[in-house]
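A.B. asks: Dropping a structure here in structure tokens format, bear with me for questions.
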Amino acid sequence: MPQRNISRSKTFPLTILLVALFCPQALFAASTATPEWNITADKIVNLEHPRRIIGEGNIILEKREIQPPPKPNAAEEAEDSWADVLGEPERAKTATAAKDVVTEAEPEMRVTTVIKADWISYNVERKYIEAKGNISIISGNETLKASSGTVNLESETGTFANAIITTKEKPMHLEGRAVTKTGYNTYHIEQGWVITCKLKEGETPPWSLVSSSADIEKGGYAKLKNARFNVAGVPIFYTPYMIIPVKNTRQTGLLFPELSYSDNSGFGVNLPLFINLSHSADLTLFPEYMTERGFKPGLEFRYAMSDTNKGIFFGQFLKDDLSDNSDYPYHTNDQRYWLYGKADAEVGNGWQVRLDVDIASDLDYLREFNGGYTGFDSTENRMRTMFGRGFDNYTSFYRDNNLTASKYWNGTSLTATLDAQNDLMENRPAGTATPLWKLPSIAYNGALPFYSTGMSLNWDADYVNYWREDGIGANRIDLHPSVSMPVPITQYLESSLELGVRDTYYQVQEYGDATWDYDTSQNRLLADAQFEVASTLVREFATTSFGGTAFEHQIRPFVRYNWLPDVDQKELPGLDAVDRIDQQSLITYGIDNFFNTIESATTSREYATFRLFQSYSLLDEDKDRPFQAIGARTTWTPMPQTSLEYDVYYDVYANVFSSHSVSGTYTNRRNDTFSIDYSYYDTTTDDFKRRLSYLDTYRTSDSDDIEQINALVRTHITNSWLTEVAVQHSISSGDTEVFNVGLIYQAPCWSVQLRSEYNSVETRYFVIFNLANLASDLGVQL
């Protein structure tokens, strides 16, 4: 069955059969060697009537060929590029383009085939070869072993008894009691079996496909009769007829089923069908059925022309039988679906286009079906791997959909965006506005340096048309030019000044039942300034204790002053953060520490950072409490796959920590992974109300705190067994939102996963099979 990771099949290894067909006269024309063949044996005998040549004892034939310059195969290069774009495992690459070499030297010869046997007889008149005893033919990455064999050189046909065929490049293993070459490109196998995993001699295969007979066309299909699927030698599935593609391209066929169970959904089975459209595009159907909910079909289309031109689009629909159940406490609609898509493209002249689609029928859909291949969790991981971006959190009421075109040149950027929101909020409170759409938004930003003076002209120019179904929107133009310049004080200080002016124009719009009480044309004009003084001290330590040749410590104390005037903004619509810019007269001071390991004269790596800072307000309204919270931020990266980050804020008036957040990841060479993400917020502090009030929407209880911990552990118990645990737990409410447990057995050529995935709606259990390389190398069709 074909692997849907789009790994292409390799040519069936029977190409190695009977390579001794080539130049048989030259083979025995001399007793030891010919220009093409080097022959050694204990004894070589020439017989007459009929004329025969017999080799006996430790026969070794080495075929030598002139090596032509390697030529790239365009189709294979495109296939490999497709695999790389999708982030799938590395495959064997085609040869690089040949170099033109003009030389009078003797052509290079290389041994391409080695044949070994105990006894060989060649009938010159009939052009017929017989071989017996420990036959071994090695050609390239393919090996054939047999007890005996016969070959008709004229018809290029022959038979091998008790044959075993393996490949180095792909872990293919094929055996047959009799393997017959019936034509130029066709073969017949009696009482044979195939697995995609090499075996030690005498070892029982962990799984195999066994047939009474098989007809194979290289580059075409293998047709198996009385096919059985065996696990550890025990048959568990039988079909009287099976077709196995043996082409060197990806093949259409069934993928391995995914089994599931939950109290709400009942038993479920998903039997995907992979459809190969071309070397750069495919389609996968997901016909999933759940006994308590009904049929949930899905379809995924993928394409990848290059690393910068690729896309995935998916749709899934469910007519939910459970919606009519009055005991079911969640959604009430029976027409349920999830549509998503992502695409990247370069459209010429430096323009980059990104598309993100995420549309669901209801919020519970993403929570109920967050497991399995088409579930939210695995889909999010695949999108981040392929595109570097995922989706909004599955608990979010608003799903972001946008089309963005951007161009960057000479320190400037131009970005145009269409942004729509999929609104999943049911029973919206009266008077609550619907989410804003941007139709469109355009941003033009840049910096223009003044030669070598250190001065620069900076600008941020934005236009947005805010539309919503019900509520206040606006057309808004926001212009913010500024000038930045160094201020020389002493050679030991880094001083800079930035002066700017900001003009924002509004044309307010009313949508739905909303009314606007002020003039629809509004304007706001304000100035801003920032002045910073800092100094950097650097010292290097000659030590190898931190993984490099030396260790560098940078200390950067700084003082920064920010000023913004008091501007009346009560008649402006409150659409986003741009519309409310608070007055500032603020001094911020702190010290930054950077620790780097120096790996060579030109390279270094960040080892750790530590930042400490606080702000002091000079405004009259803050004179009773001018000090803001003390903040500290540290990062630690002791090795490339290990990191730790910690942020903390201390409210100096409440004498409490207003927030903590810590996150860390660790991965070792065995691919064991541990990650943790902990956050705590005290919603009663001034610091929270000033800095983090938007997080109040995430409060899940009446507690004054928002406290959450998420963790993931994936570790090997043994070389073959590994386990995975993922938890999302709200400490403040005492609710566990996600608790997933997986147990995986991973053999060299197959694996099975047992998973339990709990969320706030239900618990689902999955059984997921994977026979490594069978799908990618054979592509089984039933």
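Convention: chains lettered A, B, ... in structure tokens order; per-chain residue numbering from 1; ligands numbered from 1 as shown.
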Just want the 10 Å neighbourhood of A:Gly57, counted on only C-alpha atoms, with same-chain residues fewer than 2 positions away dropped. Output as a list in words.
C.D. replies: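 Here the qualifying residues turn out to be Thr40, Ala41, Asp42, Lys43, Ile44, Gly55, Ile59, Ile60, Lys116, Ala117, Asp118, Trp119, Ile120 and Gly133 of chain A.
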A.B. asks: If you keep C-alpha atoms, can you produce a file of those selected residues as an mmCIF file, in the first residue's frame?
C.D. replies:
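The file below, selection09.cif, is the result:
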```
data_model
loop_
_atom_site.group_PDB
_atom_site.id
_atom_site.type_symbol
_atom_site.label_atom_id
_atom_site.label_comp_id
_atom_site.auth_asym_id
_atom_site.auth_seq_id
_atom_site.Cartn_x
_atom_site.Cartn_y
_atom_site.Cartn_z
ATOM 1 C CA THR A 40 39.100 -16.646 -11.922
ATOM 2 C CA ALA A 41 38.261 -20.273 -11.087
ATOM 3 C CA ASP A 42 39.925 -23.369 -9.732
ATOM 4 C CA LYS A 43 39.458 -25.028 -13.139
ATOM 5 C CA ILE A 44 38.272 -24.001 -16.645
ATOM 6 C CA GLY A 55 34.184 -23.540 -14.915
ATOM 7 C CA ILE A 59 34.309 -19.037 -9.848
ATOM 8 C CA ILE A 60 34.479 -15.248 -9.716
ATOM 9 C CA LYS A 116 30.175 -16.037 -8.046
ATOM 10 C CA ALA A 117 29.259 -19.727 -8.276
ATOM 11 C CA ASP A 118 30.677 -23.189 -7.594
ATOM 12 C CA TRP A 119 30.036 -24.492 -11.126
ATOM 13 C CA ILE A 120 29.136 -22.929 -14.486
ATOM 14 C CA GLY A 133 26.100 -23.907 -6.016
#
```
A.B. asks: If we count only C-alpha atoms, what is near stretch 150-154 of chain A at a cut-off of 6 Å, once residues fewer than 2 positions away on the same chain are taken out, given as number ranges by chain?
C.D. replies: A: 21, 127-130, 156-159
A.B. asks: Write the selection just made, keeping C-alpha atoms, as a PDB file, in the first residue's frame?
C.D. replies:
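Output file result35.pdb follows:
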```
ATOM      1  CA  LEU A  21      24.115 -12.622 -20.502  1.00  0.00           C
ATOM      2  CA  LYS A 127      23.871 -20.045 -26.132  1.00  0.00           C
ATOM      3  CA  TYR A 128      22.760 -21.575 -22.865  1.00  0.00           C
ATOM      4  CA  ILE A 129      24.254 -21.244 -19.376  1.00  0.00           C
ATOM      5  CA  GLU A 130      23.774 -23.450 -16.340  1.00  0.00           C
ATOM      6  CA  GLU A 156      17.340 -13.467 -22.630  1.00  0.00           C
ATOM      7  CA  THR A 157      15.203 -15.742 -20.444  1.00  0.00           C
ATOM      8  CA  GLY A 158      16.105 -18.008 -17.570  1.00  0.00           C
ATOM      9  CA  THR A 159      15.210 -19.470 -14.197  1.00  0.00           C
TER      10      THR A 159
END
```
A.B. asks: Tell me, as a PyMOL selection string, which residues lie within 9 Å of stretch 609-617 of chain A, counting only C-alpha atoms; anything in the same chain fewer than 3 positions away does not count.
C.D. replies: chain A and resi 584-596+606+620+622-623+625-636
A.B. asks: Pull N, CA and C atoms from the residues just selected and write them as a PDB file, in the first residue's frame.
C.D. replies:
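The new file again_31.pdb reads:
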```
ATOM      1  N   GLN A 584       2.907  59.355  27.347  1.00  0.00           N
ATOM      2  CA  GLN A 584       4.094  58.772  27.968  1.00  0.00           C
ATOM      3  C   GLN A 584       5.116  59.842  28.303  1.00  0.00           C
ATOM      4  N   SER A 585       5.712  59.695  29.459  1.00  0.00           N
ATOM      5  CA  SER A 585       6.956  60.380  29.815  1.00  0.00           C
ATOM      6  C   SER A 585       7.674  59.384  30.706  1.00  0.00           C
ATOM      7  N   LEU A 586       8.415  58.512  30.077  1.00  0.00           N
ATOM      8  CA  LEU A 586       8.832  57.273  30.724  1.00  0.00           C
ATOM      9  C   LEU A 586      10.336  57.067  30.592  1.00  0.00           C
ATOM     10  N   ILE A 587      10.966  56.801  31.729  1.00  0.00           N
ATOM     11  CA  ILE A 587      12.382  56.451  31.758  1.00  0.00           C
ATOM     12  C   ILE A 587      12.490  54.950  31.995  1.00  0.00           C
ATOM     13  N   THR A 588      13.203  54.281  31.121  1.00  0.00           N
ATOM     14  CA  THR A 588      13.437  52.839  31.262  1.00  0.00           C
ATOM     15  C   THR A 588      14.937  52.617  31.392  1.00  0.00           C
ATOM     16  N   TYR A 589      15.325  51.831  32.361  1.00  0.00           N
ATOM     17  CA  TYR A 589      16.746  51.563  32.609  1.00  0.00           C
ATOM     18  C   TYR A 589      16.921  50.068  32.830  1.00  0.00           C
ATOM     19  N   GLY A 590      18.074  49.601  32.496  1.00  0.00           N
ATOM     20  CA  GLY A 590      18.316  48.177  32.661  1.00  0.00           C
ATOM     21  C   GLY A 590      19.732  47.809  32.278  1.00  0.00           C
ATOM     22  N   ILE A 591      19.991  46.522  32.304  1.00  0.00           N
ATOM     23  CA  ILE A 591      21.295  45.991  31.938  1.00  0.00           C
ATOM     24  C   ILE A 591      21.092  44.684  31.190  1.00  0.00           C
ATOM     25  N   ASP A 592      21.738  44.574  30.029  1.00  0.00           N
ATOM     26  CA  ASP A 592      21.661  43.375  29.206  1.00  0.00           C
ATOM     27  C   ASP A 592      22.993  42.630  29.274  1.00  0.00           C
ATOM     28  N   ASN A 593      22.901  41.307  29.400  1.00  0.00           N
ATOM     29  CA  ASN A 593      24.076  40.452  29.417  1.00  0.00           C
ATOM     30  C   ASN A 593      23.958  39.420  28.299  1.00  0.00           C
ATOM     31  N   PHE A 594      25.024  39.282  27.515  1.00  0.00           N
ATOM     32  CA  PHE A 594      25.063  38.290  26.453  1.00  0.00           C
ATOM     33  C   PHE A 594      26.297  37.410  26.648  1.00  0.00           C
ATOM     34  N   PHE A 595      26.078  36.105  26.614  1.00  0.00           N
ATOM     35  CA  PHE A 595      27.164  35.139  26.778  1.00  0.00           C
ATOM     36  C   PHE A 595      27.241  34.298  25.502  1.00  0.00           C
ATOM     37  N   ASN A 596      28.391  34.308  24.844  1.00  0.00           N
ATOM     38  CA  ASN A 596      28.572  33.615  23.575  1.00  0.00           C
ATOM     39  C   ASN A 596      29.777  32.685  23.644  1.00  0.00           C
ATOM     40  N   GLU A 606      25.254  31.876  20.448  1.00  0.00           N
ATOM     41  CA  GLU A 606      24.703  32.437  21.678  1.00  0.00           C
ATOM     42  C   GLU A 606      24.497  31.334  22.699  1.00  0.00           C
ATOM     43  N   ASP A 620       2.104  63.165  35.968  1.00  0.00           N
ATOM     44  CA  ASP A 620       1.471  63.537  37.227  1.00  0.00           C
ATOM     45  C   ASP A 620       0.493  62.470  37.697  1.00  0.00           C
ATOM     46  N   ASP A 622       0.728  59.438  37.535  1.00  0.00           N
ATOM     47  CA  ASP A 622       1.419  58.268  38.086  1.00  0.00           C
ATOM     48  C   ASP A 622       2.317  58.630  39.263  1.00  0.00           C
ATOM     49  N   LYS A 623       2.201  59.854  39.779  1.00  0.00           N
ATOM     50  CA  LYS A 623       3.161  60.289  40.793  1.00  0.00           C
ATOM     51  C   LYS A 623       3.066  59.479  42.086  1.00  0.00           C
ATOM     52  N   ARG A 625       2.403  56.216  42.139  1.00  0.00           N
ATOM     53  CA  ARG A 625       2.991  54.911  41.832  1.00  0.00           C
ATOM     54  C   ARG A 625       3.785  55.014  40.522  1.00  0.00           C
ATOM     55  N   PRO A 626       4.893  55.695  40.557  1.00  0.00           N
ATOM     56  CA  PRO A 626       5.639  55.928  39.309  1.00  0.00           C
ATOM     57  C   PRO A 626       6.425  54.708  38.824  1.00  0.00           C
ATOM     58  N   PHE A 627       6.789  53.809  39.728  1.00  0.00           N
ATOM     59  CA  PHE A 627       7.612  52.667  39.330  1.00  0.00           C
ATOM     60  C   PHE A 627       6.746  51.544  38.726  1.00  0.00           C
ATOM     61  N   GLN A 628       7.147  51.096  37.577  1.00  0.00           N
ATOM     62  CA  GLN A 628       6.490  49.932  36.993  1.00  0.00           C
ATOM     63  C   GLN A 628       7.183  48.657  37.464  1.00  0.00           C
ATOM     64  N   ALA A 629       6.640  47.532  37.082  1.00  0.00           N
ATOM     65  CA  ALA A 629       7.153  46.247  37.560  1.00  0.00           C
ATOM     66  C   ALA A 629       8.599  46.035  37.103  1.00  0.00           C
ATOM     67  N   ILE A 630       9.378  45.378  37.948  1.00  0.00           N
ATOM     68  CA  ILE A 630      10.739  44.975  37.580  1.00  0.00           C
ATOM     69  C   ILE A 630      10.645  43.724  36.719  1.00  0.00           C
ATOM     70  N   GLY A 631      11.278  43.779  35.571  1.00  0.00           N
ATOM     71  CA  GLY A 631      11.230  42.635  34.663  1.00  0.00           C
ATOM     72  C   GLY A 631      12.599  41.993  34.501  1.00  0.00           C
ATOM     73  N   ALA A 632      12.596  40.696  34.357  1.00  0.00           N
ATOM     74  CA  ALA A 632      13.837  39.955  34.096  1.00  0.00           C
ATOM     75  C   ALA A 632      13.532  38.894  33.037  1.00  0.00           C
ATOM     76  N   ARG A 633      14.487  38.726  32.145  1.00  0.00           N
ATOM     77  CA  ARG A 633      14.318  37.743  31.074  1.00  0.00           C
ATOM     78  C   ARG A 633      15.658  37.051  30.852  1.00  0.00           C
ATOM     79  N   THR A 634      15.639  35.725  30.849  1.00  0.00           N
ATOM     80  CA  THR A 634      16.877  34.987  30.637  1.00  0.00           C
ATOM     81  C   THR A 634      16.646  33.846  29.659  1.00  0.00           C
ATOM     82  N   THR A 635      17.661  33.553  28.867  1.00  0.00           N
ATOM     83  CA  THR A 635      17.635  32.407  27.958  1.00  0.00           C
ATOM     84  C   THR A 635      18.927  31.621  28.146  1.00  0.00           C
ATOM     85  N   TRP A 636      18.846  30.330  27.904  1.00  0.00           N
ATOM     86  CA  TRP A 636      20.017  29.462  28.059  1.00  0.00           C
ATOM     87  C   TRP A 636      19.961  28.399  26.974  1.00  0.00           C
TER      88      TRP A 636
END
```
A.B. asks: Using only C-alpha atoms, which protein or nucleic acid residues come within 7 Å of A:Ser495? Drop anything in the same chain fewer than 6 positions from it, and give the result as a PyMOL selection string.
C.D. replies: chain A and resi 486-488+532-534
A.B. asks: Could you name the residues that touch A:Ser361 at 9 Å or less, counting only C-alpha atoms, but leaving out those on the same chain fewer than 5 positions away, as a VMD selection string?
C.D. replies: chain A and resid 333 335 to 339 422 424
A.B. asks: Could you write those residues out with N, CA, C and O atoms, as a CSV table (one decimal), in the first residue's frame?
C.D. replies:
```csv
chain,number,residue,atom,x,y,z
A,333,ASN,N,-25.7,21.7,15.6
A,333,ASN,CA,-25.8,21.6,14.2
A,333,ASN,C,-25.3,20.2,13.7
A,333,ASN,O,-24.3,19.7,14.2
A,335,GLN,N,-24.6,19.7,10.3
A,335,GLN,CA,-23.8,19.9,9.1
A,335,GLN,C,-22.4,20.5,9.6
A,335,GLN,O,-22.3,21.7,9.8
A,336,ARG,N,-21.4,19.6,9.7
A,336,ARG,CA,-20.2,20.0,10.3
A,336,ARG,C,-19.0,19.8,9.3
A,336,ARG,O,-19.0,18.9,8.5
A,337,TYR,N,-18.0,20.7,9.4
A,337,TYR,CA,-16.9,20.6,8.4
A,337,TYR,C,-15.7,21.3,8.9
A,337,TYR,O,-15.8,22.1,9.9
A,338,TRP,N,-14.6,21.1,8.3
A,338,TRP,CA,-13.4,21.9,8.4
A,338,TRP,C,-12.7,22.0,7.1
A,338,TRP,O,-12.4,21.0,6.4
A,339,LEU,N,-12.4,23.2,6.7
A,339,LEU,CA,-11.7,23.5,5.4
A,339,LEU,C,-10.4,24.2,5.8
A,339,LEU,O,-10.5,25.2,6.5
A,422,ASN,N,-13.2,33.7,10.3
A,422,ASN,CA,-14.3,32.7,10.5
A,422,ASN,C,-14.8,32.8,11.9
A,422,ASN,O,-14.0,32.5,12.9
A,424,LEU,N,-16.7,31.8,15.1
A,424,LEU,CA,-17.3,30.6,15.6
A,424,LEU,C,-18.0,30.8,17.0
A,424,LEU,O,-18.4,29.9,17.7
```
A.B. asks: Which residue out of A:Leu299, A:Ile243, A:Leu479, A:Met386 has the minimum interatomic distance to A:Gly311 when only C-alpha atoms are used?
C.D. replies: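 The answer is A:Met386, which sits nearest to A:Gly311.
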A.B. asks: Residues near A:Val179, anyone? I mean within 7 Å using only C-alpha atoms, not counting same-chain ones fewer than 2 positions away, as an MDAnalysis selection string.
C.D. replies: chainID A and resid 159:161 163 176:177 181 188:190
A.B. asks: Hey, which of A:Phe286, A:Phe739, A:Tyr261, A:Phe551 ends up closest to A:Leu273? Count only C-alpha atoms.
C.D. replies: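 Checking each candidate against A:Leu273, we get A:Phe286 as the closest.
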A.B. asks: Could you pull out the residues in stretch 689-768 of chain A that DSSP calls strand (DSSP E) from the backbone, as an MDAnalysis selection string?
C.D. replies: chainID A and resid 705:716 721:730 735:747 750:759 763:768
A.B. asks: Need the shell around A:Ala527: protein/DNA/RNA residues with any atom at most 9 Å away, counting only C-alpha atoms. Skip same-chain ones fewer than 5 positions apart. Format as a VMD selection string?
C.D. replies: chain A and resid 499 to 503 563 to 565
A.B. asks: Next, the residues of the selection above should be written as a tab-separated table (two decimals), in the first residue's frame with C-alpha atoms.
C.D. replies:
```
chain	number	residue	atom	x	y	z
A	499	LEU	CA	12.05	62.16	16.51
A	500	GLY	CA	8.79	61.40	14.76
A	501	VAL	CA	5.36	62.69	13.86
A	502	ARG	CA	2.23	60.58	13.43
A	503	ASP	CA	-0.91	61.51	11.54
A	563	TRP	CA	7.80	60.76	25.22
A	564	LEU	CA	4.28	60.90	23.78
A	565	PRO	CA	1.86	63.83	24.28
```
